[in-house]
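Source file: run.csv; contents: CSV, C-alpha atoms and all ligand atoms.
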chain,number,residue,atom,x,y,z
P,161,MET,CA,-17.3,-2.0,12.4
P,162,GLU,CA,-14.9,-1.0,9.6
P,163,LEU,CA,-12.6,2.0,9.9
P,164,PRO,CA,-14.2,4.8,7.8
P,165,SER,CA,-13.0,4.3,4.2
P,166,ASP,CA,-11.7,7.8,3.8
P,167,VAL,CA,-9.4,7.3,6.8
P,168,LYS,CA,-8.2,4.0,5.4
P,169,LYS,CA,-7.6,5.5,1.9
P,170,LYS,CA,-5.7,8.4,3.4
P,171,ALA,CA,-3.5,6.1,5.6
P,172,GLU,CA,-2.7,4.0,2.5
P,173,LYS,CA,-1.9,7.0,0.4
P,174,ILE,CA,0.5,8.4,3.0
P,175,ALA,CA,2.1,4.9,3.4
P,176,LEU,CA,2.6,4.6,-0.4
P,177,GLN,CA,5.1,7.4,-0.4
P,178,TRP,CA,7.5,4.6,0.4
P,179,LYS,CA,8.1,1.6,-1.8
P,180,GLN,CA,5.9,-1.4,-1.1
P,181,GLU,CA,8.9,-3.7,-0.5
P,182,LYS,CA,10.2,-1.3,2.1
P,183,LEU,CA,6.8,-1.2,3.8
P,184,LYS,CA,6.6,-5.0,3.9
P,185,ALA,CA,10.0,-5.2,5.6
P,186,VAL,CA,8.9,-2.6,8.2
P,187,SER,CA,5.7,-4.6,8.7
P,188,PHE,CA,7.7,-7.7,9.4
P,189,LEU,CA,9.9,-5.9,11.8
P,190,LEU,CA,6.9,-4.4,13.7
P,191,THR,CA,5.3,-7.8,14.0
P,192,GLU,CA,8.5,-9.2,15.5
P,193,ARG,CA,8.8,-6.3,17.9
P,194,TYR,CA,5.2,-6.6,19.1
P,195,LYS,CA,5.7,-10.3,19.6
P,196,ASN,CA,9.1,-10.1,21.4
P,197,ASP,CA,9.3,-6.7,23.1
P,198,SER,CA,5.8,-6.0,24.6
P,199,GLY,CA,5.6,-5.7,28.4
P,200,LYS,CA,9.1,-4.3,28.7
P,201,GLY,CA,8.3,-0.6,28.4
P,202,LYS,CA,10.2,-0.4,25.1
P,203,ARG,CA,9.4,2.0,22.2
P,204,LEU,CA,7.9,-0.2,19.5
P,205,ALA,CA,6.5,2.0,16.6
P,206,VAL,CA,8.8,5.0,16.3
P,207,THR,CA,9.8,6.1,12.8
P,208,LYS,CA,7.6,7.7,10.2
P,209,GLU,CA,7.6,4.5,8.2
P,210,GLU,CA,6.7,2.4,11.2
P,211,ALA,CA,3.8,4.8,12.1
P,212,ALA,CA,2.6,4.6,8.5
P,213,VAL,CA,2.7,0.8,8.4
P,214,TYR,CA,0.9,0.7,11.8
P,215,SER,CA,-1.9,2.7,10.4
P,216,VAL,CA,-2.3,0.3,7.4
P,217,VAL,CA,-1.8,-3.1,9.0
P,218,ARG,CA,-3.0,-2.6,12.6
P,219,MET,CA,-5.3,0.4,12.9
P,220,PRO,CA,-8.2,-1.2,10.9
P,221,ALA,CA,-8.1,-4.1,13.4
P,222,THR,CA,-7.7,-2.1,16.6
P,223,TYR,CA,-10.5,0.2,15.4
P,224,ALA,CA,-12.8,-2.8,14.9
P,225,ALA,CA,-11.9,-4.1,18.4
P,226,ILE,CA,-12.5,-0.7,20.0
P,227,SER,CA,-15.8,-0.3,18.2
P,228,ASP,CA,-17.0,-3.7,19.5
P,229,ALA,CA,-15.8,-2.9,23.0
P,230,LEU,CA,-17.6,0.4,23.0
P,231,LYS,CA,-20.8,-1.3,21.7
P,232,TYR,CA,-20.8,-3.9,24.4
P,233,THR,CA,-20.0,-1.3,27.1
P,234,LEU,CA,-22.8,0.9,25.9
P,235,LYS,CA,-25.3,-2.0,26.0
P,236,ALA,CA,-24.2,-2.8,29.6
P,237,PHE,CA,-24.0,0.8,30.7
P,238,PRO,CA,-26.4,3.0,28.6
P,239,GLU,CA,-25.2,6.1,30.6
P,240,LEU,CA,-22.1,6.0,28.4
P,241,SER,CA,-24.1,7.6,25.6
P,242,GLU,CA,-24.2,10.9,27.5
P,243,ILE,CA,-20.4,11.4,27.6
P,244,ASP,CA,-19.3,15.0,27.2
P,245,SER,CA,-15.5,14.3,27.3
P,246,ALA,CA,-13.1,11.4,26.6
P,247,ILE,CA,-9.4,10.9,27.0
P,248,ASP,CA,-7.5,8.1,25.1
P,249,ILE,CA,-4.0,7.2,26.3
P,250,GLY,CA,-1.4,5.8,23.9
P,251,SER,CA,-3.6,6.9,21.0
P,252,GLY,CA,-1.3,5.7,18.3
P,253,THR,CA,-2.7,6.8,15.0
P,254,GLY,CA,-6.1,7.7,16.3
P,255,ALA,CA,-8.2,4.5,16.1
P,256,ALA,CA,-10.1,5.2,19.4
P,257,ALA,CA,-10.7,8.9,18.7
P,258,ILE,CA,-12.4,8.0,15.4
P,259,ALA,CA,-14.4,5.2,17.1
P,260,ILE,CA,-15.6,7.5,19.9
P,261,CYS,CA,-16.6,10.2,17.3
P,262,SER,CA,-18.4,7.6,15.2
P,263,TYR,CA,-20.4,6.4,18.3
P,264,PHE,CA,-21.0,9.6,20.2
P,265,GLU,CA,-21.5,12.5,17.9
P,266,ASN,CA,-22.1,15.0,20.7
P,267,THR,CA,-18.9,14.5,22.6
P,268,ARG,CA,-17.4,17.9,23.1
P,269,GLU,CA,-13.8,16.9,23.4
P,270,VAL,CA,-11.7,13.7,22.7
P,271,LEU,CA,-8.2,14.2,24.0
P,272,CYS,CA,-5.5,11.9,22.6
P,273,ILE,CA,-2.3,11.5,24.5
P,274,GLU,CA,0.6,9.9,22.6
P,275,ARG,CA,4.3,9.6,23.4
P,276,GLU,CA,5.7,8.9,20.0
P,277,ARG,CA,6.0,11.9,17.8
P,278,ASN,CA,5.5,10.1,14.4
P,279,MET,CA,2.5,8.2,15.6
P,280,ARG,CA,1.0,11.4,17.0
P,281,GLU,CA,1.6,13.4,13.9
P,282,LEU,CA,0.1,10.8,11.7
P,283,GLY,CA,-2.9,10.5,14.1
P,284,GLU,CA,-3.4,14.2,13.9
P,285,GLU,CA,-3.5,14.0,10.2
P,286,LEU,CA,-5.9,11.1,10.1
P,287,THR,CA,-8.3,12.7,12.6
P,288,LYS,CA,-8.1,16.2,11.2
P,289,VAL,CA,-11.8,16.1,10.0
P,290,TYR,CA,-13.0,15.4,13.6
P,291,SER,CA,-13.3,18.8,15.2
P,292,SER,CA,-13.6,17.5,18.8
P,293,VAL,CA,-10.3,15.6,18.6
P,294,LYS,CA,-7.3,17.2,20.2
P,295,TRP,CA,-3.8,15.8,20.5
P,296,ILE,CA,-1.1,16.3,23.1
P,297,SER,CA,2.3,14.8,23.4
P,298,GLY,CA,2.9,12.9,26.7
P,299,ASP,CA,4.3,9.8,28.4
P,300,ILE,CA,1.6,8.6,30.8
P,301,THR,CA,4.2,6.9,33.0
P,302,GLY,CA,5.9,10.2,33.7
P,303,THR,CA,3.1,12.7,33.9
P,304,ASP,CA,-0.2,12.9,35.7
P,305,LEU,CA,-3.5,13.5,33.8
P,306,SER,CA,-4.2,17.2,34.2
P,307,GLN,CA,-7.9,16.8,33.7
P,308,SER,CA,-10.7,14.3,34.2
P,309,ALA,CA,-13.1,12.9,31.6
P,310,ASP,CA,-16.4,11.0,31.5
P,311,LEU,CA,-14.7,8.2,29.4
P,312,ILE,CA,-11.1,7.4,29.8
P,313,MET,CA,-9.7,4.6,27.7
P,314,GLU,CA,-6.6,2.8,26.4
P,315,SER,CA,-6.3,0.2,23.7
P,316,TYR,CA,-3.3,-2.1,23.2
P,317,MET,CA,-1.1,0.2,25.3
P,318,LEU,CA,-1.0,-1.3,28.9
P,319,ASN,CA,0.6,-4.5,27.6
P,320,GLU,CA,3.5,-2.4,26.3
P,321,LEU,CA,4.4,-1.1,29.8
P,322,SER,CA,6.4,-2.8,32.5
P,323,GLU,CA,4.4,-4.3,35.3
P,324,GLU,CA,5.4,-1.7,37.8
P,325,ASN,CA,4.4,1.2,35.5
P,326,ARG,CA,1.2,-0.6,34.5
P,327,ASN,CA,-0.2,-0.5,38.1
P,328,ARG,CA,0.6,3.2,38.5
P,329,VAL,CA,-0.9,4.0,35.2
P,330,ILE,CA,-4.1,2.1,36.0
P,331,ASP,CA,-4.5,4.1,39.2
P,332,LYS,CA,-3.9,7.4,37.4
P,333,LEU,CA,-6.5,6.6,34.8
P,334,TRP,CA,-9.1,5.6,37.4
P,335,ASP,CA,-8.5,8.7,39.5
P,336,LYS,CA,-9.5,10.9,36.6
P,337,THR,CA,-12.4,8.7,35.4
P,338,GLU,CA,-15.8,10.4,35.9
P,339,LYS,CA,-18.0,7.6,34.5
P,340,VAL,CA,-16.3,4.8,32.5
P,341,LEU,CA,-12.7,3.5,32.3
P,342,LEU,CA,-12.4,1.2,29.3
P,343,LEU,CA,-9.3,-1.0,28.9
P,344,ILE,CA,-8.8,-3.0,25.7
P,345,GLU,CA,-5.9,-5.4,25.2
P,346,PRO,CA,-4.9,-8.1,22.6
P,347,GLY,CA,-7.1,-11.2,23.0
P,348,THR,CA,-4.2,-13.4,24.1
P,349,MET,CA,-3.5,-15.1,27.3
P,350,ALA,CA,-1.0,-12.4,28.2
P,351,GLY,CA,-3.4,-9.6,27.2
P,352,PHE,CA,-6.1,-11.0,29.3
P,353,GLU,CA,-3.8,-11.5,32.4
P,354,VAL,CA,-3.1,-7.7,32.2
P,355,LEU,CA,-6.8,-7.1,32.3
P,356,LYS,CA,-7.4,-9.6,35.1
P,357,ASP,CA,-4.7,-7.8,37.3
P,358,ALA,CA,-6.3,-4.4,36.5
P,359,ARG,CA,-9.7,-5.9,37.4
P,360,ARG,CA,-8.5,-7.0,40.9
P,361,ARG,CA,-6.8,-3.7,41.5
P,362,LEU,CA,-9.7,-1.5,40.4
P,363,ILE,CA,-12.4,-3.5,42.2
P,364,SER,CA,-10.3,-3.2,45.4
P,365,ARG,CA,-10.4,0.5,44.8
P,366,GLY,CA,-14.2,0.7,44.6
P,367,ALA,CA,-14.8,0.3,40.9
P,368,TYR,CA,-17.7,-1.7,39.5
P,369,ILE,CA,-17.3,-3.8,36.3
P,370,ALA,CA,-20.0,-3.1,33.7
P,371,ALA,CA,-18.8,-5.5,30.9
P,372,PRO,CA,-18.0,-8.1,30.0
P,373,CYS,CA,-18.3,-9.8,33.4
P,374,PRO,CA,-21.8,-10.3,34.9
P,375,HIS,CA,-20.3,-10.6,38.4
P,376,MET,CA,-17.8,-8.8,40.6
P,377,GLY,CA,-16.1,-12.0,42.0
P,378,GLU,CA,-12.7,-13.4,41.0
P,379,CYS,CA,-12.6,-14.3,37.3
P,380,ARG,CA,-13.2,-18.0,37.0
P,381,LEU,CA,-11.1,-18.4,33.8
P,382,SER,CA,-7.5,-19.4,34.1
P,383,GLY,CA,-4.6,-21.1,32.4
P,384,ASP,CA,-5.3,-21.7,28.7
P,385,ASP,CA,-8.9,-20.5,28.9
P,386,TRP,CA,-9.2,-16.7,28.7
P,387,CYS,CA,-12.0,-14.3,27.9
P,388,HIS,CA,-11.7,-12.8,24.5
P,389,PHE,CA,-13.8,-11.8,21.5
P,390,THR,CA,-13.3,-11.5,17.8
P,391,ALA,CA,-13.9,-8.6,15.4
P,392,ARG,CA,-13.8,-9.5,11.7
P,393,VAL,CA,-12.0,-6.9,9.5
P,394,GLN,CA,-11.9,-6.7,5.7
P,395,ARG,CA,-8.4,-6.6,4.3
P,396,SER,CA,-7.3,-4.2,1.5
P,397,LYS,CA,-4.9,-5.2,-1.3
P,398,LEU,CA,-2.1,-3.4,0.4
P,399,HIS,CA,-2.8,-5.0,3.8
P,400,LYS,CA,-2.7,-8.5,2.1
P,401,TYR,CA,0.6,-7.6,0.5
P,402,LEU,CA,2.2,-6.2,3.7
P,403,LYS,CA,1.0,-9.0,6.0
P,404,GLY,CA,0.9,-11.9,3.5
P,405,GLY,CA,-1.9,-14.4,2.8
P,406,ASP,CA,-4.9,-14.1,0.5
P,407,VAL,CA,-7.8,-14.4,2.8
P,408,PRO,CA,-10.0,-11.3,2.3
P,409,TYR,CA,-10.6,-10.7,6.0
P,410,GLU,CA,-8.8,-11.1,9.3
P,411,ASP,CA,-10.2,-11.9,12.7
P,412,GLU,CA,-8.9,-9.6,15.4
P,413,LYS,CA,-9.0,-11.2,18.8
P,414,PHE,CA,-9.3,-8.8,21.7
P,415,SER,CA,-10.1,-8.7,25.4
P,416,TYR,CA,-11.7,-5.7,27.2
P,417,MET,CA,-13.0,-4.6,30.5
P,418,ALA,CA,-15.2,-1.6,31.3
P,419,PHE,CA,-15.2,-0.2,34.9
P,420,VAL,CA,-17.7,2.3,36.1
P,421,ARG,CA,-18.2,4.5,39.2
P,422,GLU,CA,-21.9,3.8,39.7
P,423,LYS,CA,-23.2,0.3,40.3
P,424,PRO,CA,-24.5,-1.0,36.9
P,425,CYS,CA,-27.6,-3.0,36.5
P,426,ILE,CA,-26.1,-6.3,35.4
P,427,LYS,CA,-28.6,-8.6,33.6
P,428,GLY,CA,-28.1,-12.1,32.3
P,429,ALA,CA,-24.9,-13.9,31.2
P,430,ARG,CA,-22.1,-13.3,28.8
P,431,ILE,CA,-21.7,-15.6,25.8
P,432,LEU,CA,-18.0,-16.6,25.8
P,433,ARG,CA,-17.7,-18.8,22.6
P,434,HIS,CA,-19.4,-18.9,19.2
P,435,PRO,CA,-22.9,-20.4,19.7
P,436,ILE,CA,-23.3,-23.9,18.3
P,437,THR,CA,-26.6,-24.3,16.4
P,438,GLU,CA,-28.0,-27.8,15.9
P,439,LYS,CA,-31.5,-28.9,14.9
P,440,GLY,CA,-33.9,-27.3,17.3
P,441,MET,CA,-31.2,-26.3,19.8
P,442,ILE,CA,-28.5,-23.8,20.5
P,443,LYS,CA,-25.5,-24.6,22.7
P,444,LEU,CA,-24.0,-21.6,24.6
P,445,SER,CA,-20.9,-21.3,26.6
P,446,LEU,CA,-21.8,-18.8,29.4
P,447,CYS,CA,-20.2,-16.7,32.1
P,448,THR,CA,-23.1,-16.2,34.6
P,449,SER,CA,-23.4,-14.4,37.9
P,450,ASP,CA,-22.4,-17.5,39.9
P,451,GLU,CA,-20.7,-20.0,37.5
P,452,ASN,CA,-19.3,-20.6,34.1
P,453,ARG,CA,-21.4,-23.3,32.3
P,454,GLU,CA,-22.7,-24.7,29.1
P,455,ALA,CA,-26.4,-24.2,28.4
P,456,VAL,CA,-28.6,-25.9,25.8
P,457,ILE,CA,-31.5,-23.7,24.7
P,458,THR,CA,-34.3,-25.5,22.9
P,459,LYS,CA,-37.1,-24.3,20.7
P,460,LYS,CA,-39.5,-25.0,23.5
P,461,GLN,CA,-38.0,-22.1,25.4
P,462,GLY,CA,-39.7,-19.6,23.0
P,463,GLU,CA,-38.4,-16.1,23.6
P,464,LEU,CA,-35.1,-17.3,25.0
P,465,PHE,CA,-34.5,-19.5,21.9
P,466,LYS,CA,-35.2,-16.5,19.6
P,467,ALA,CA,-32.8,-14.4,21.6
P,468,ALA,CA,-30.1,-17.1,21.5
P,469,ARG,CA,-30.6,-17.5,17.7
P,470,LYS,CA,-29.8,-13.8,17.2
P,471,ALA,CA,-26.9,-13.8,19.7
P,472,SER,CA,-23.2,-14.0,18.9
P,473,CYS,CA,-20.1,-14.6,21.0
P,474,GLY,CA,-19.5,-11.5,23.2
P,475,ASP,CA,-23.2,-10.6,23.5
P,476,ALA,CA,-25.0,-10.6,26.9
P,477,ILE,CA,-28.1,-12.8,27.0
P,478,ASP,CA,-30.9,-12.5,29.6
P,479,LEU,CA,-31.6,-16.1,30.6
P,480,LYS,CA,-35.0,-15.1,32.0
P,481,SER,CA,-36.3,-13.8,28.7
P,501,LIG,C1,-0.1,-0.8,20.0
P,501,LIG,S1,-0.2,0.9,19.9
P,501,LIG,C2,-1.9,1.2,20.1
P,501,LIG,C3,-2.4,2.5,19.5
P,501,LIG,C4,-3.9,2.7,19.5
P,501,LIG,N1,-4.3,2.8,20.9
P,501,LIG,C5,-4.7,1.6,18.8
P,501,LIG,O1,-5.4,0.9,19.5
P,501,LIG,O2,-4.5,1.5,17.6
P,501,LIG,C6,0.3,1.5,21.5
P,501,LIG,C7,0.5,3.0,21.6
P,501,LIG,O3,0.8,3.4,22.9
P,501,LIG,C8,1.8,4.4,22.9
P,501,LIG,N2,2.4,4.4,24.2
P,501,LIG,C9,3.1,3.3,24.8
P,501,LIG,N3,3.6,3.7,26.0
P,501,LIG,C10,3.1,5.0,26.2
P,501,LIG,C11,3.2,5.9,27.3
P,501,LIG,N4,3.9,5.5,28.4
P,501,LIG,N5,2.6,7.1,27.2
P,501,LIG,C12,1.9,7.4,26.1
P,501,LIG,N6,1.8,6.6,25.0
P,501,LIG,C13,2.4,5.4,25.1
P,501,LIG,C14,2.7,3.9,21.8
P,501,LIG,O4,3.6,4.9,21.4
P,501,LIG,C15,1.8,3.4,20.8
P,501,LIG,O5,1.4,4.5,19.9

Reformat the file's structure so that it appears as structure tokens.
Ligand SMILES: C[S@@+](CC[C@H](N)C(=O)[O-])C[C@H]1O[C@@H](n2cnc3c(N)ncnc32)[C@H](O)[C@@H]1O
Amino acid sequence: MELPSDVKKKAEKIALQWKQEKLKAVSFLLTERYKNDSGKGKRLAVTKEEAAVYSVVRMPATYAAISDALKYTLKAFPELSEIDSAIDIGSGTGAAAIAICSYFENTREVLCIERERNMRELGEELTKVYSSVKWISGDITGTDLSQSADLIMESYMLNELSEENRNRVIDKLWDKTEKVLLLIEPGTMAGFEVLKDARRRLISRGAYIAAPCPHMGECRLSGDDWCHFTARVQRSKLHKYLKGGDVPYEDEKFSYMAFVREKPCIKGARILRHPITEKGMIKLSLCTSDENREAVITKKQGELFKAARKASCGDAIDLKS
């Protein structure tokens, strides 16, 4: 799903108070910082210019990843549609708050907690039209959450923390989760390792996993095979200029895990790669309740074939259909 166009336009308008060459240099610097300094607890996007560049070059992609993760979680755990309150930690410029408001129109309050002043102020500006969104300044490693919420989430934040802080933060977030804790990280090997560690920790504390895993056992993916999905995002002219390249879209790779307090009704398997369609058959790479395997679905399988034809990577598929 695309970031609403009015938010995109506003972010670009704010960014264009600086010269495009300056923005491009900042964009390059931010990319280097995210590549080299994540996982060390360092401050990465700090100045006004950095926040503005983040909102133009990263926010449309993180928004698309968050929207997809919410969509998959909602399918696996329909009770999520009833949420009254949400908290987003490390809110940046407000991608998750806008995604939550777009999905759940009746949510009474979406509380954004962000440490960096310039990210927070830009986020406040970009989410001004969403009346349920409130912002507070806070560093989640130093403070406890003072309230609980039906949905607690973070996107692309855990991987910025040191390992020691990460575990403490995961515990804090789970302790205040009423229904769903949604964690979204870059779809890289390192991003997925962060989630796998969180998964072990949370399951040992009594959490159930609602998505994407169709089982509660140890994750069977390791080494250079990790669970990630892709959200396609259209690129604006300014985005192309700041990040280089001419392709009109970018594919944002992300990993996510949704933990719930009540045992979810897990049906079927998760499709881990893009389905391969050949004449009269579809090949699927699946994570099922008891193994990871390839499946070939043929036309003879009627309803299952129809379901497989409509399915994409990331979807759940009921093999009994
Ligand atoms: C990569 S950005 C992601 C922003 C947003 N969640 C998104 O998906 O677009 C990570 C954000 O987490 C914030 N952050 C990092 N550590 C934090 C902490 N300890 N407490 C609060 N916010 C933090 C950063 O300032 C930054 O805005």

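With all atoms listed in the file taken into account, the protein and nucleic acid residues at most 8 Å from Lys459 (chain P) (excluding it and anything under 4 positions from it in its own chain) are P:Gly440, P:Met441, P:Phe465.
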
Per residue of chain P within 7 Å of ligand LIG 501 (chain P), which atom pair is closest and at what distance in Å (one decimal), using all atoms listed in the file, listed by chain and increasing number, as a Markdown table?
| residue | atom | partner | partner_atom | distance |
| --- | --- | --- | --- | --- |
| P:Gly201 | CA | P:LIG501 | N3 | 6.8 |
| P:Arg203 | CA | P:LIG501 | O4 | 6.5 |
| P:Leu204 | CA | P:LIG501 | O4 | 6.9 |
| P:Ala205 | CA | P:LIG501 | O4 | 6.3 |
| P:Arg218 | CA | P:LIG501 | O2 | 6.6 |
| P:Met219 | CA | P:LIG501 | O2 | 4.9 |
| P:Thr222 | CA | P:LIG501 | O1 | 4.8 |
| P:Tyr223 | CA | P:LIG501 | O2 | 6.5 |
| P:Ile249 | CA | P:LIG501 | C12 | 5.9 |
| P:Gly250 | CA | P:LIG501 | O3 | 3.4 |
| P:Ser251 | CA | P:LIG501 | N1 | 4.2 |
| P:Gly252 | CA | P:LIG501 | O5 | 3.4 |
| P:Thr253 | CA | P:LIG501 | O2 | 6.2 |
| P:Gly254 | CA | P:LIG501 | C4 | 6.3 |
| P:Ala255 | CA | P:LIG501 | O2 | 5.0 |
| P:Ala256 | CA | P:LIG501 | O1 | 6.4 |
| P:Ile273 | CA | P:LIG501 | C12 | 6.1 |
| P:Glu274 | CA | P:LIG501 | N6 | 4.3 |
| P:Arg275 | CA | P:LIG501 | N6 | 4.2 |
| P:Glu276 | CA | P:LIG501 | O4 | 4.7 |
| P:Met279 | CA | P:LIG501 | O5 | 5.8 |
| P:Gly298 | CA | P:LIG501 | C12 | 5.6 |
| P:Asp299 | CA | P:LIG501 | N5 | 3.4 |
| P:Ile300 | CA | P:LIG501 | N5 | 4.0 |
| P:Thr301 | CA | P:LIG501 | N4 | 4.8 |
| P:Glu314 | CA | P:LIG501 | N1 | 6.0 |
| P:Ser315 | CA | P:LIG501 | N1 | 4.3 |
| P:Tyr316 | CA | P:LIG501 | C1 | 4.7 |
| P:Met317 | CA | P:LIG501 | C6 | 4.3 |
| P:Glu320 | CA | P:LIG501 | C9 | 5.9 |
| P:Leu321 | CA | P:LIG501 | N3 | 6.2 |

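Atom pair CA of Val456 (chain P) / CA of Thr390 (chain P) has a distance of 22.5 Å (rounded to one decimal).
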
May I have the residues within 12 Å of Ile426 (chain P) as a PDB file with C-alpha atoms, in the frame of the given file, using all atoms listed in the file and disregarding those fewer than 4 positions away in the same chain?
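Generated output (result_1.pdb):
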ATOM      1  CA  THR P 233     -20.000  -1.300  27.100  1.00  0.00           C
ATOM      2  CA  LYS P 235     -25.300  -2.000  26.000  1.00  0.00           C
ATOM      3  CA  ALA P 236     -24.200  -2.800  29.600  1.00  0.00           C
ATOM      4  CA  PHE P 237     -24.000   0.800  30.700  1.00  0.00           C
ATOM      5  CA  PRO P 238     -26.400   3.000  28.600  1.00  0.00           C
ATOM      6  CA  TYR P 368     -17.700  -1.700  39.500  1.00  0.00           C
ATOM      7  CA  ILE P 369     -17.300  -3.800  36.300  1.00  0.00           C
ATOM      8  CA  ALA P 370     -20.000  -3.100  33.700  1.00  0.00           C
ATOM      9  CA  ALA P 371     -18.800  -5.500  30.900  1.00  0.00           C
ATOM     10  CA  PRO P 372     -18.000  -8.100  30.000  1.00  0.00           C
ATOM     11  CA  CYS P 373     -18.300  -9.800  33.400  1.00  0.00           C
ATOM     12  CA  PRO P 374     -21.800 -10.300  34.900  1.00  0.00           C
ATOM     13  CA  HIS P 375     -20.300 -10.600  38.400  1.00  0.00           C
ATOM     14  CA  MET P 376     -17.800  -8.800  40.600  1.00  0.00           C
ATOM     15  CA  GLU P 422     -21.900   3.800  39.700  1.00  0.00           C
ATOM     16  CA  ARG P 430     -22.100 -13.300  28.800  1.00  0.00           C
ATOM     17  CA  THR P 448     -23.100 -16.200  34.600  1.00  0.00           C
ATOM     18  CA  SER P 449     -23.400 -14.400  37.900  1.00  0.00           C
ATOM     19  CA  ALA P 476     -25.000 -10.600  26.900  1.00  0.00           C
ATOM     20  CA  ILE P 477     -28.100 -12.800  27.000  1.00  0.00           C
ATOM     21  CA  ASP P 478     -30.900 -12.500  29.600  1.00  0.00           C
TER      22      ASP P 478
END

Inset, instruction - Using all atoms listed in the file, find the one residue out of P:Asp335, P:Glu269, P:Asp475, P:Asp248 that sits nearest to Ser445 (chain P). - result: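 Checking each candidate against Ser445 (chain P), we get P:Asp475 as the closest.
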
Legend entry - Shell around region 401-408 of chain P at 8 Å using only C-alpha atoms, local window under 4 positions removed, as an MDAnalysis selection string: chainID P and resid 180 183:184 187:188 217 394:397

Legend entry - Counting all atoms listed in the file, the residue of P:Lys294, P:Lys332, P:Arg453, P:Arg326 that sits nearest Arg268 (chain P): P:Lys294

Inset, instruction - Record the distance separating CA of Lys182 (chain P) and CA of Pro220 (chain P), expressed in Å with one decimal. - result: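 Result for CA of Lys182 (chain P) versus CA of Pro220 (chain P): 20.4 Å, one decimal.
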
Hey, can I get the axis-aligned box for region 378-390 of chain P? All listed atoms, 4 Å padding on each side, centre and edge lengths in Å to one decimal, as JSON.
{"center_x": -9.2, "center_y": -16.6, "center_z": 29.4, "size_x": 17.2, "size_y": 18.2, "size_z": 31.2}

Inset, instruction - Would you mind listing what lies within 9 Å of Ile260 (chain P) as a ChimeraX atom specification, with all atoms listed in the file counted and same-chain residues fewer than 2 positions away left out? - result: /P:226-227,230,246,255-258,262-265,267,270

Legend entry - For CA of Leu333 (chain P) and CA of Leu163 (chain P), the interatomic separation in Å (one decimal): 26.0 Å

Inset, instruction - Skip Tyr416 (chain P) itself and residues of its chain fewer than 6 positions away, then list as a list in words all residues within 7 Å of it, counting only C-alpha atoms. - result: Ala229, Leu343, Ile344 and Glu345 of chain P

Inset, instruction - May I have the protein, DNA and RNA residues with an atom at most 10 Å from (-9.6, 0.1, 37.7), counting only C-alpha atoms in the file's coordinates, returned as a PyMOL selection string? - result: chain P and resi 327+329-335+337+340-343+355+357-369+417-421

Could you write those residues out with C-alpha atoms, as a PDB file, in the frame of the given file?
ATOM      1  CA  ASN P 327      -0.200  -0.500  38.100  1.00  0.00           C
ATOM      2  CA  VAL P 329      -0.900   4.000  35.200  1.00  0.00           C
ATOM      3  CA  ILE P 330      -4.100   2.100  36.000  1.00  0.00           C
ATOM      4  CA  ASP P 331      -4.500   4.100  39.200  1.00  0.00           C
ATOM      5  CA  LYS P 332      -3.900   7.400  37.400  1.00  0.00           C
ATOM      6  CA  LEU P 333      -6.500   6.600  34.800  1.00  0.00           C
ATOM      7  CA  TRP P 334      -9.100   5.600  37.400  1.00  0.00           C
ATOM      8  CA  ASP P 335      -8.500   8.700  39.500  1.00  0.00           C
ATOM      9  CA  THR P 337     -12.400   8.700  35.400  1.00  0.00           C
ATOM     10  CA  VAL P 340     -16.300   4.800  32.500  1.00  0.00           C
ATOM     11  CA  LEU P 341     -12.700   3.500  32.300  1.00  0.00           C
ATOM     12  CA  LEU P 342     -12.400   1.200  29.300  1.00  0.00           C
ATOM     13  CA  LEU P 343      -9.300  -1.000  28.900  1.00  0.00           C
ATOM     14  CA  LEU P 355      -6.800  -7.100  32.300  1.00  0.00           C
ATOM     15  CA  ASP P 357      -4.700  -7.800  37.300  1.00  0.00           C
ATOM     16  CA  ALA P 358      -6.300  -4.400  36.500  1.00  0.00           C
ATOM     17  CA  ARG P 359      -9.700  -5.900  37.400  1.00  0.00           C
ATOM     18  CA  ARG P 360      -8.500  -7.000  40.900  1.00  0.00           C
ATOM     19  CA  ARG P 361      -6.800  -3.700  41.500  1.00  0.00           C
ATOM     20  CA  LEU P 362      -9.700  -1.500  40.400  1.00  0.00           C
ATOM     21  CA  ILE P 363     -12.400  -3.500  42.200  1.00  0.00           C
ATOM     22  CA  SER P 364     -10.300  -3.200  45.400  1.00  0.00           C
ATOM     23  CA  ARG P 365     -10.400   0.500  44.800  1.00  0.00           C
ATOM     24  CA  GLY P 366     -14.200   0.700  44.600  1.00  0.00           C
ATOM     25  CA  ALA P 367     -14.800   0.300  40.900  1.00  0.00           C
ATOM     26  CA  TYR P 368     -17.700  -1.700  39.500  1.00  0.00           C
ATOM     27  CA  ILE P 369     -17.300  -3.800  36.300  1.00  0.00           C
ATOM     28  CA  MET P 417     -13.000  -4.600  30.500  1.00  0.00           C
ATOM     29  CA  ALA P 418     -15.200  -1.600  31.300  1.00  0.00           C
ATOM     30  CA  PHE P 419     -15.200  -0.200  34.900  1.00  0.00           C
ATOM     31  CA  VAL P 420     -17.700   2.300  36.100  1.00  0.00           C
ATOM     32  CA  ARG P 421     -18.200   4.500  39.200  1.00  0.00           C
TER      33      ARG P 421
END

Inset, instruction - Select, counting all atoms listed in the file, all protein, DNA and RNA residues no farther than 8 Å from (-12.4, 14.3, 33.5) in file coordinates, and express the selection as an NGL selection string. - result: :P and (245-247 or 307-312 or 336-338)
